[in-house]
$ cat input-v3.cif   # mmCIF, C-alpha atoms
data_structure
loop_
_atom_site.label_atom_id
_atom_site.label_comp_id
_atom_site.auth_asym_id
_atom_site.auth_seq_id
_atom_site.Cartn_x
_atom_site.Cartn_y
_atom_site.Cartn_z
CA MET C 1 0.00 0.00 0.00
CA VAL C 2 1.49 3.33 -1.04
CA ASP C 3 1.03 6.19 1.42
CA GLY C 4 -0.08 9.68 0.37
CA VAL C 5 3.43 11.15 0.33
CA ALA C 6 4.82 8.45 -1.94
CA GLU C 7 1.81 8.69 -4.22
CA ALA C 8 2.29 12.45 -4.49
CA VAL C 9 5.81 11.83 -5.76
CA ARG C 10 4.63 9.16 -8.20
CA ARG C 11 2.08 11.51 -9.80
CA ALA C 12 3.13 15.00 -10.86
CA LEU C 13 1.15 17.70 -12.63
CA ILE C 14 2.92 20.52 -14.46
CA VAL C 15 0.99 23.72 -15.15
CA PHE C 16 2.57 25.90 -17.83
CA ALA C 17 1.69 29.55 -17.30
CA ARG C 18 2.71 32.96 -18.61
CA ALA C 19 2.86 35.85 -16.16
CA PRO C 20 -0.34 37.96 -16.35
CA GLN C 21 1.08 41.03 -18.06
CA ALA C 22 -0.95 43.31 -20.32
CA GLY C 23 0.10 43.09 -23.95
CA ARG C 24 1.76 39.70 -23.50
CA VAL C 25 -1.25 37.41 -23.03
CA LYS C 26 -4.31 36.63 -25.18
CA THR C 27 -3.08 38.87 -27.98
CA ARG C 28 -5.81 37.78 -30.39
CA ILE C 29 -8.46 38.76 -27.86
CA ALA C 30 -6.59 42.00 -27.15
CA SER C 31 -6.75 42.95 -30.83
CA SER C 32 -10.54 43.03 -30.55
CA LEU C 33 -11.28 43.94 -26.92
CA GLY C 34 -8.11 45.70 -25.82
CA GLU C 35 -5.23 44.63 -23.61
CA ALA C 36 -7.00 45.25 -20.31
CA SER C 37 -9.97 43.03 -21.20
CA ALA C 38 -7.69 40.34 -22.60
CA LEU C 39 -5.66 40.37 -19.38
CA ALA C 40 -8.81 40.10 -17.27
CA ILE C 41 -9.98 37.10 -19.29
CA TYR C 42 -6.56 35.47 -19.01
CA ARG C 43 -6.49 35.95 -15.24
CA THR C 44 -10.02 34.57 -14.93
CA LEU C 45 -9.18 31.45 -16.93
CA GLY C 46 -6.01 30.67 -14.98
CA ALA C 47 -7.63 31.18 -11.59
CA ARG C 48 -10.57 28.97 -12.62
CA VAL C 49 -8.32 26.13 -13.83
CA MET C 50 -6.20 26.15 -10.66
CA ARG C 51 -9.28 26.24 -8.44
CA GLN C 52 -10.64 23.18 -10.24
CA LEU C 53 -7.37 21.31 -9.76
CA VAL C 54 -7.27 21.71 -5.96
CA PRO C 55 -8.75 18.23 -5.20
CA LEU C 56 -5.67 16.67 -6.83
CA VAL C 57 -3.54 17.72 -3.88
CA GLU C 58 -6.08 16.80 -1.22
CA ARG C 59 -5.61 13.57 0.67
CA ASP C 60 -9.34 12.81 0.72
CA ALA C 61 -9.71 9.45 -1.00
CA ALA C 62 -13.20 10.45 -2.13
CA HIS C 63 -11.58 12.85 -4.60
CA ALA C 64 -8.28 11.73 -6.07
CA SER C 65 -4.92 10.43 -4.98
CA ALA C 66 -2.49 13.07 -3.83
CA CYS C 67 -0.45 14.67 -6.58
CA ARG C 68 2.41 17.13 -6.66
CA VAL C 69 1.53 20.26 -8.66
CA VAL C 70 4.28 22.46 -10.10
CA VAL C 71 3.53 25.76 -11.84
CA VAL C 72 6.24 26.38 -14.43
CA ALA C 73 6.21 30.04 -15.43
CA THR C 74 7.50 32.36 -18.11
CA PRO C 75 9.23 34.76 -18.31
CA ASP C 76 11.89 33.53 -15.93
CA GLY C 77 11.89 35.39 -12.65
CA ALA C 78 8.12 35.99 -12.70
CA GLY C 79 7.39 33.46 -9.97
CA ALA C 80 6.19 36.04 -7.43
CA GLU C 81 3.79 37.58 -9.95
CA VAL C 82 2.46 34.19 -11.02
CA GLY C 83 2.17 33.05 -7.40
CA ALA C 84 0.12 36.13 -6.50
CA TRP C 85 -2.25 35.19 -9.33
CA LEU C 86 -2.49 31.39 -9.10
CA GLY C 87 -1.70 30.90 -5.41
CA ARG C 88 1.53 30.51 -3.48
CA HIS C 89 0.80 27.02 -2.18
CA TRP C 90 1.99 25.48 -5.48
CA THR C 91 5.65 24.85 -6.24
CA LEU C 92 6.87 27.54 -8.68
CA GLU C 93 9.63 27.13 -11.27
CA ASP C 94 10.94 29.00 -14.31
CA GLN C 95 10.37 27.55 -17.79
CA GLY C 96 13.89 28.36 -18.95
CA THR C 97 14.95 28.88 -22.54
CA GLY C 98 14.26 27.24 -25.89
CA ASP C 99 11.10 26.73 -27.90
CA LEU C 100 7.90 25.46 -26.31
CA GLY C 101 8.82 21.83 -26.96
CA ALA C 102 12.24 22.17 -25.33
CA ARG C 103 10.77 23.89 -22.28
CA MET C 104 8.05 21.26 -21.91
CA SER C 105 10.57 18.43 -22.30
CA ASP C 106 12.78 19.97 -19.62
CA ALA C 107 9.84 20.33 -17.24
CA PHE C 108 8.93 16.67 -17.73
CA HIS C 109 12.55 15.63 -17.24
CA ARG C 110 12.71 17.40 -13.87
CA ARG C 111 9.61 15.61 -12.60
CA PHE C 112 10.89 12.18 -13.66
CA ALA C 113 14.27 12.97 -12.09
CA GLU C 114 12.42 13.59 -8.82
CA GLY C 115 10.97 10.07 -8.99
CA ALA C 116 7.58 10.65 -10.62
CA GLU C 117 6.25 7.68 -12.56
CA ARG C 118 3.42 9.46 -14.38
CA VAL C 119 3.57 13.12 -15.36
CA VAL C 120 0.90 15.32 -16.93
CA ILE C 121 1.23 18.86 -18.28
CA VAL C 122 -1.60 21.35 -18.82
CA GLY C 123 -1.98 25.05 -19.58
CA THR C 124 -4.36 27.68 -18.23
CA ASP C 125 -6.49 28.22 -21.34
CA CYS C 126 -9.06 25.43 -21.02
CA PRO C 127 -11.81 26.51 -18.59
CA ASP C 128 -13.45 23.07 -18.50
CA LEU C 129 -10.27 21.36 -17.32
CA ASP C 130 -10.68 20.02 -13.79
CA TRP C 131 -9.22 17.42 -11.45
CA ARG C 132 -11.42 14.64 -12.90
CA VAL C 133 -9.91 15.06 -16.37
CA VAL C 134 -6.38 15.06 -15.00
CA ASP C 135 -7.10 12.08 -12.78
CA GLU C 136 -8.39 10.16 -15.80
CA ALA C 137 -5.15 11.00 -17.63
CA PHE C 138 -3.12 9.57 -14.75
CA ARG C 139 -5.22 6.42 -14.73
CA GLN C 140 -4.87 5.93 -18.49
CA LEU C 141 -1.09 6.27 -18.15
CA GLU C 142 -1.17 2.96 -16.30
CA SER C 143 -2.06 1.34 -19.66
CA TYR C 144 -0.82 3.78 -22.33
CA ASP C 145 2.50 5.51 -22.99
CA VAL C 146 0.97 8.86 -23.94
CA VAL C 147 -2.31 10.56 -23.05
CA VAL C 148 -3.51 13.57 -25.02
CA GLY C 149 -6.37 15.97 -24.32
CA PRO C 150 -7.41 17.31 -27.76
CA ALA C 151 -8.33 20.97 -28.04
CA ARG C 152 -10.87 21.99 -30.64
CA ASP C 153 -8.36 24.26 -32.39
CA GLY C 154 -6.06 21.37 -33.32
CA GLY C 155 -3.73 21.68 -30.36
CA TYR C 156 -4.02 19.96 -27.01
CA TYR C 157 -4.89 21.10 -23.50
CA LEU C 158 -3.17 18.16 -21.77
CA LEU C 159 -0.30 15.80 -22.44
CA GLY C 160 0.76 12.95 -20.20
CA ILE C 161 3.66 10.50 -20.41
CA CYS C 162 4.98 7.73 -18.19
CA ARG C 163 8.69 8.10 -18.99
CA PRO C 164 11.01 10.72 -20.48
CA VAL C 165 10.57 10.92 -24.27
CA PRO C 166 12.42 14.07 -25.47
CA GLN C 167 11.88 13.10 -29.13
CA LEU C 168 8.14 13.58 -28.66
CA PHE C 169 8.70 17.34 -28.45
CA GLN C 170 11.04 17.78 -31.40
CA ASN C 171 10.05 19.37 -34.73
CA ILE C 172 6.41 19.87 -33.76
CA PRO C 173 4.50 22.86 -35.22
CA TRP C 174 3.60 24.49 -31.92
CA SER C 175 0.54 26.73 -31.52
CA SER C 176 -0.93 25.56 -34.80
CA ALA C 177 -3.94 23.61 -36.04
CA ASP C 178 -1.57 20.67 -36.65
CA THR C 179 0.04 20.44 -33.21
CA MET C 180 -1.94 17.47 -31.90
CA ARG C 181 -1.89 15.51 -35.16
CA ALA C 182 1.88 15.94 -35.47
CA THR C 183 2.34 14.86 -31.85
CA LEU C 184 0.30 11.70 -32.39
CA VAL C 185 2.24 10.91 -35.58
CA ARG C 186 5.48 11.36 -33.68
CA ALA C 187 4.26 9.14 -30.85
CA SER C 188 3.34 6.41 -33.33
CA SER C 189 6.72 6.66 -35.05
CA LEU C 190 8.36 6.13 -31.65
CA GLY C 191 6.27 3.03 -30.98
CA LEU C 192 4.26 4.72 -28.22
CA SER C 193 0.64 3.83 -27.53
CA ALA C 194 -1.72 6.79 -27.09
CA TRP C 195 -5.08 7.49 -25.48
CA LEU C 196 -7.27 10.49 -26.34
CA LEU C 197 -9.33 12.26 -23.70
CA THR C 198 -12.52 14.24 -24.36
CA ARG C 199 -12.09 17.09 -26.83
CA MET C 200 -12.51 20.48 -25.12
CA PRO C 201 -12.12 24.14 -26.10
CA ASP C 202 -9.12 26.35 -25.44
CA ILE C 203 -9.91 30.06 -25.20
CA ASP C 204 -7.78 31.96 -27.71
CA THR C 205 -10.21 34.30 -29.49
CA VAL C 206 -13.21 36.45 -28.65
CA ASP C 207 -15.45 33.90 -30.39
CA ASP C 208 -13.99 31.14 -28.19
CA TRP C 209 -14.70 33.19 -25.09
CA ASP C 210 -18.24 34.16 -26.09
CA THR C 211 -19.11 30.59 -27.15
CA TRP C 212 -17.83 29.13 -23.89
CA ARG C 213 -19.71 31.67 -21.76
CA LEU C 214 -22.93 30.97 -23.69
CA THR C 215 -22.47 27.21 -23.29
CA ARG C 216 -21.79 27.64 -19.59
CA ARG C 217 -24.96 29.72 -19.06
CA GLU C 218 -27.03 27.13 -20.90
CA SER C 219 -25.65 24.32 -18.73
CA ASP C 220 -26.18 26.15 -15.42
#
$ encode --input "input-v3.cif" --output "C-alpha cells"
Amino acid sequence: MVDGVAEAVRRALIVFARAPQAGRVKTRIASSLGEASALAIYRTLGARVMRQLVPLVERDAAHASACRVVVVATPDGAGAEVGAWLGRHWTLEDQGTGDLGARMSDAFHRRFAEGAERVVIVGTDCPDLDWRVVDEAFRQLESYDVVVGPARDGGYYLLGICRPVPQLFQNIPWSSADTMRATLVRASSLGLSAWLLTRMPDIDTVDDWDTWRLTRRESD
C-alpha cells in the first residue's frame, strides 16, 4: 500500500503559465477587446483552472490520490507575480529557454528525475479542465505511454507521459492547427501507444470566449 506522500511523488502535474502582463497574453483577444480586457480574461481562466485542480492535492480518498503540482512560469523570474495570481501554495519554477517543446521536455525531465512515474502537463487556457480530467489521464497512463487531451483548435490542453521521451517534443509545429496531429504521428513513429481524452475548447479568441460563456450559461 502506497502512502499519500509516496503517491504524491509518483504523480506530478505541471501547469505551464505565462505571467499575467498586459500586452503579453491573449493577444488575439486583445486585438478586438483591448489589452485590459484580454488580461482580465486570461487571469479569470487561470484562476478557474487552478481552483478546479485543488482536489488533486487533497488527501481525501473520495476525490483523487495526492499529486504534486508544479507551476512552471514564463518569463523567468516571474514566480512572485504568477504566485500572487495562481496561489503561493503550489511549487513555482521558471520555464527556462528554448522553444515550447524544449521547455516542456525539460519540465517533464525534472519531474521524472524527482521520482515521478506518471507526469501530466496542462496550460491555463481550457476553462473546463478540472481534477477529474487530469485524474483520468493519470489512470490511463497505467495502460498507455501517452495521453492527449485534444483541443478543438487542433492543439491539445493536456499531455501525459509515463517516462522521459524528449523526441516527442522535437520538430512539432507548436501553436498551430496541426500540433496534436503531429504529436500523435510522432508518438506512433516512436512506438508509443496513445489514449485520447474528451475534446474540449481552449480560449484563444473572442469567439472562443463568447461561445464558452454561452455554453456555460445554458448548462447552469
$ residues_around --input "input-v3.cif" --residues "segment 174-191 of chain C" --least-positions-apart "5" --cutoff "10 Å" --atoms "all atoms listed in the file" --output "short mmCIF file (atom, residue, chain, number, x, y, z; two decimals) with C-alpha atoms, in the coordinates of the input"
data_model
loop_
_atom_site.label_atom_id
_atom_site.label_comp_id
_atom_site.auth_asym_id
_atom_site.auth_seq_id
_atom_site.Cartn_x
_atom_site.Cartn_y
_atom_site.Cartn_z
CA ASP C 99 11.10 26.73 -27.90
CA LEU C 100 7.90 25.46 -26.31
CA GLY C 101 8.82 21.83 -26.96
CA ASP C 145 2.50 5.51 -22.99
CA VAL C 146 0.97 8.86 -23.94
CA VAL C 147 -2.31 10.56 -23.05
CA VAL C 148 -3.51 13.57 -25.02
CA GLY C 149 -6.37 15.97 -24.32
CA PRO C 150 -7.41 17.31 -27.76
CA ALA C 151 -8.33 20.97 -28.04
CA ARG C 152 -10.87 21.99 -30.64
CA ASP C 153 -8.36 24.26 -32.39
CA GLY C 154 -6.06 21.37 -33.32
CA GLY C 155 -3.73 21.68 -30.36
CA TYR C 156 -4.02 19.96 -27.01
CA TYR C 157 -4.89 21.10 -23.50
CA LEU C 159 -0.30 15.80 -22.44
CA VAL C 165 10.57 10.92 -24.27
CA GLN C 167 11.88 13.10 -29.13
CA LEU C 168 8.14 13.58 -28.66
CA PHE C 169 8.70 17.34 -28.45
CA LEU C 196 -7.27 10.49 -26.34
#
$ resolve_selection --input "input-v3.cif" --expression "the PyMOL selection byres ((chain C and resi 107) around 12)" --output "ChimeraX atom specification"
/C:12-16,69-73,92-98,100-106,108-114,116,119-122,164-166,169
$ closest_residue --input "input-v3.cif" --among "C:Glu117, C:Asp125, C:Asp208, C:Asp76" --to "Ile161 of chain C" --atoms "all atoms listed in the file"
C:Glu117
$ closest_residue --input "input-v3.cif" --among "C:Ile41, C:Arg118, C:Ala47, C:Pro55" --to "Arg213 of chain C" --atoms "only C-alpha atoms"
C:Ile41
$ atom_distance --input "input-v3.cif" --atom1 "atom CA of Thr215 of chain C" --atom2 "atom CA of Arg24 of chain C"
27.3 Å
$ axis_aligned_box --input "input-v3.cif" --around "segment 157-174 of chain C" --padding-each-side "4 Å" --output "JSON"
{"center_x": 3.8, "center_y": 16.1, "center_z": -26.7, "size_x": 25.3, "size_y": 24.8, "size_z": 25.0}
$ residues_around --input "input-v3.cif" --residues "Val134 of chain C" --least-positions-apart "4" --cutoff "9 Å" --atoms "all atoms listed in the file" --output "JSON, numbers by chain"
{"C": [13, 53, 56, 120, 122, 129, 130, 138, 139, 158]}
$ write_last_selection --input "input-v3.cif" --atoms "C-alpha atoms" --output "CSV table (one decimal), in the frame of the given file"
chain,number,residue,atom,x,y,z
C,13,LEU,CA,1.2,17.7,-12.6
C,53,LEU,CA,-7.4,21.3,-9.8
C,56,LEU,CA,-5.7,16.7,-6.8
C,120,VAL,CA,0.9,15.3,-16.9
C,122,VAL,CA,-1.6,21.4,-18.8
C,129,LEU,CA,-10.3,21.4,-17.3
C,130,ASP,CA,-10.7,20.0,-13.8
C,138,PHE,CA,-3.1,9.6,-14.8
C,139,ARG,CA,-5.2,6.4,-14.7
C,158,LEU,CA,-3.2,18.2,-21.8
$ atom_distance --input "input-v3.cif" --atom1 "atom CA of Arg11 of chain C" --atom2 "atom CA of Thr74 of chain C"
23.1 Å
$ closest_residue --input "input-v3.cif" --among "C:Ile203, C:Cys67, C:Leu141, C:Ile172" --to "Thr44 of chain C" --atoms "all atoms listed in the file"
C:Ile203
$ atom_distance --input "input-v3.cif" --atom1 "atom CA of Glu58 of chain C" --atom2 "atom CA of Ala84 of chain C"
21.0 Å
$ closest_residue --input "input-v3.cif" --among "C:Thr198, C:Gln21, C:Ser143, C:Ser31" --to "Trp85 of chain C" --atoms "all atoms listed in the file"
C:Gln21
$ resolve_selection --input "input-v3.cif" --expression "the PyMOL selection byres ((chain C and resi 22) around 9)" --output "NGL selection string"
:C and (20-21 or 23-26 or 30 or 35-36 or 38-39)
$ resolve_selection --input "input-v3.cif" --expression "the PyMOL selection byres ((chain C and resi 193) around 6)" --output "ChimeraX atom specification"
/C:144-145,192,194
$ closest_residue --input "input-v3.cif" --among "C:Arg51, C:His89, C:Arg163, C:Arg28" --to "Trp209 of chain C" --atoms "all atoms listed in the file"
C:Arg28
$ closest_residue --input "input-v3.cif" --among "C:Leu33, C:Arg18, C:Arg10, C:Gln140" --to "Val206 of chain C" --atoms "all atoms listed in the file"
C:Leu33
$ build_atoms --input "input-v3.cif" --residues "segment 114-129 of chain C" --atoms "N, CA and C atoms" --output "mmCIF file, in the frame of the given file"
data_model
loop_
_atom_site.group_PDB
_atom_site.id
_atom_site.type_symbol
_atom_site.label_atom_id
_atom_site.label_comp_id
_atom_site.auth_asym_id
_atom_site.auth_seq_id
_atom_site.Cartn_x
_atom_site.Cartn_y
_atom_site.Cartn_z
ATOM 1 N N GLU C 114 12.838 13.565 -10.218
ATOM 2 C CA GLU C 114 12.420 13.590 -8.820
ATOM 3 C C GLU C 114 11.803 12.260 -8.375
ATOM 4 N N GLY C 115 11.535 11.370 -9.323
ATOM 5 C CA GLY C 115 10.970 10.070 -8.990
ATOM 6 C C GLY C 115 9.542 9.863 -9.429
ATOM 7 N N ALA C 116 8.960 10.835 -10.132
ATOM 8 C CA ALA C 116 7.580 10.650 -10.620
ATOM 9 C C ALA C 116 7.541 9.511 -11.631
ATOM 10 N N GLU C 117 6.443 8.784 -11.628
ATOM 11 C CA GLU C 117 6.250 7.680 -12.560
ATOM 12 C C GLU C 117 5.257 8.027 -13.666
ATOM 13 N N ARG C 118 4.371 8.981 -13.385
ATOM 14 C CA ARG C 118 3.420 9.460 -14.380
ATOM 15 C C ARG C 118 3.347 10.974 -14.265
ATOM 16 N N VAL C 119 3.521 11.661 -15.384
ATOM 17 C CA VAL C 119 3.570 13.120 -15.360
ATOM 18 C C VAL C 119 2.628 13.673 -16.423
ATOM 19 N N VAL C 120 1.860 14.674 -16.045
ATOM 20 C CA VAL C 120 0.900 15.320 -16.930
ATOM 21 C C VAL C 120 1.195 16.814 -16.964
ATOM 22 N N ILE C 121 1.060 17.415 -18.147
ATOM 23 C CA ILE C 121 1.230 18.860 -18.280
ATOM 24 C C ILE C 121 -0.047 19.461 -18.854
ATOM 25 N N VAL C 122 -0.423 20.624 -18.332
ATOM 26 C CA VAL C 122 -1.600 21.350 -18.820
ATOM 27 C C VAL C 122 -1.237 22.834 -18.906
ATOM 28 N N GLY C 123 -2.104 23.600 -19.565
ATOM 29 C CA GLY C 123 -1.980 25.050 -19.580
ATOM 30 C C GLY C 123 -3.095 25.671 -18.777
ATOM 31 N N THR C 124 -3.326 26.965 -18.990
ATOM 32 C CA THR C 124 -4.360 27.680 -18.230
ATOM 33 C C THR C 124 -5.454 28.215 -19.138
ATOM 34 N N ASP C 125 -5.569 27.676 -20.351
ATOM 35 C CA ASP C 125 -6.490 28.220 -21.340
ATOM 36 C C ASP C 125 -7.776 27.424 -21.513
ATOM 37 N N CYS C 126 -7.899 26.298 -20.834
ATOM 38 C CA CYS C 126 -9.060 25.430 -21.020
ATOM 39 C C CYS C 126 -9.947 25.493 -19.774
ATOM 40 N N PRO C 127 -11.019 26.286 -19.804
ATOM 41 C CA PRO C 127 -11.810 26.510 -18.590
ATOM 42 C C PRO C 127 -12.583 25.299 -18.099
ATOM 43 N N ASP C 128 -12.745 24.271 -18.924
ATOM 44 C CA ASP C 128 -13.450 23.070 -18.500
ATOM 45 C C ASP C 128 -12.521 22.015 -17.898
ATOM 46 N N LEU C 129 -11.237 22.302 -17.897
ATOM 47 C CA LEU C 129 -10.270 21.360 -17.320
ATOM 48 C C LEU C 129 -10.444 21.333 -15.805
#
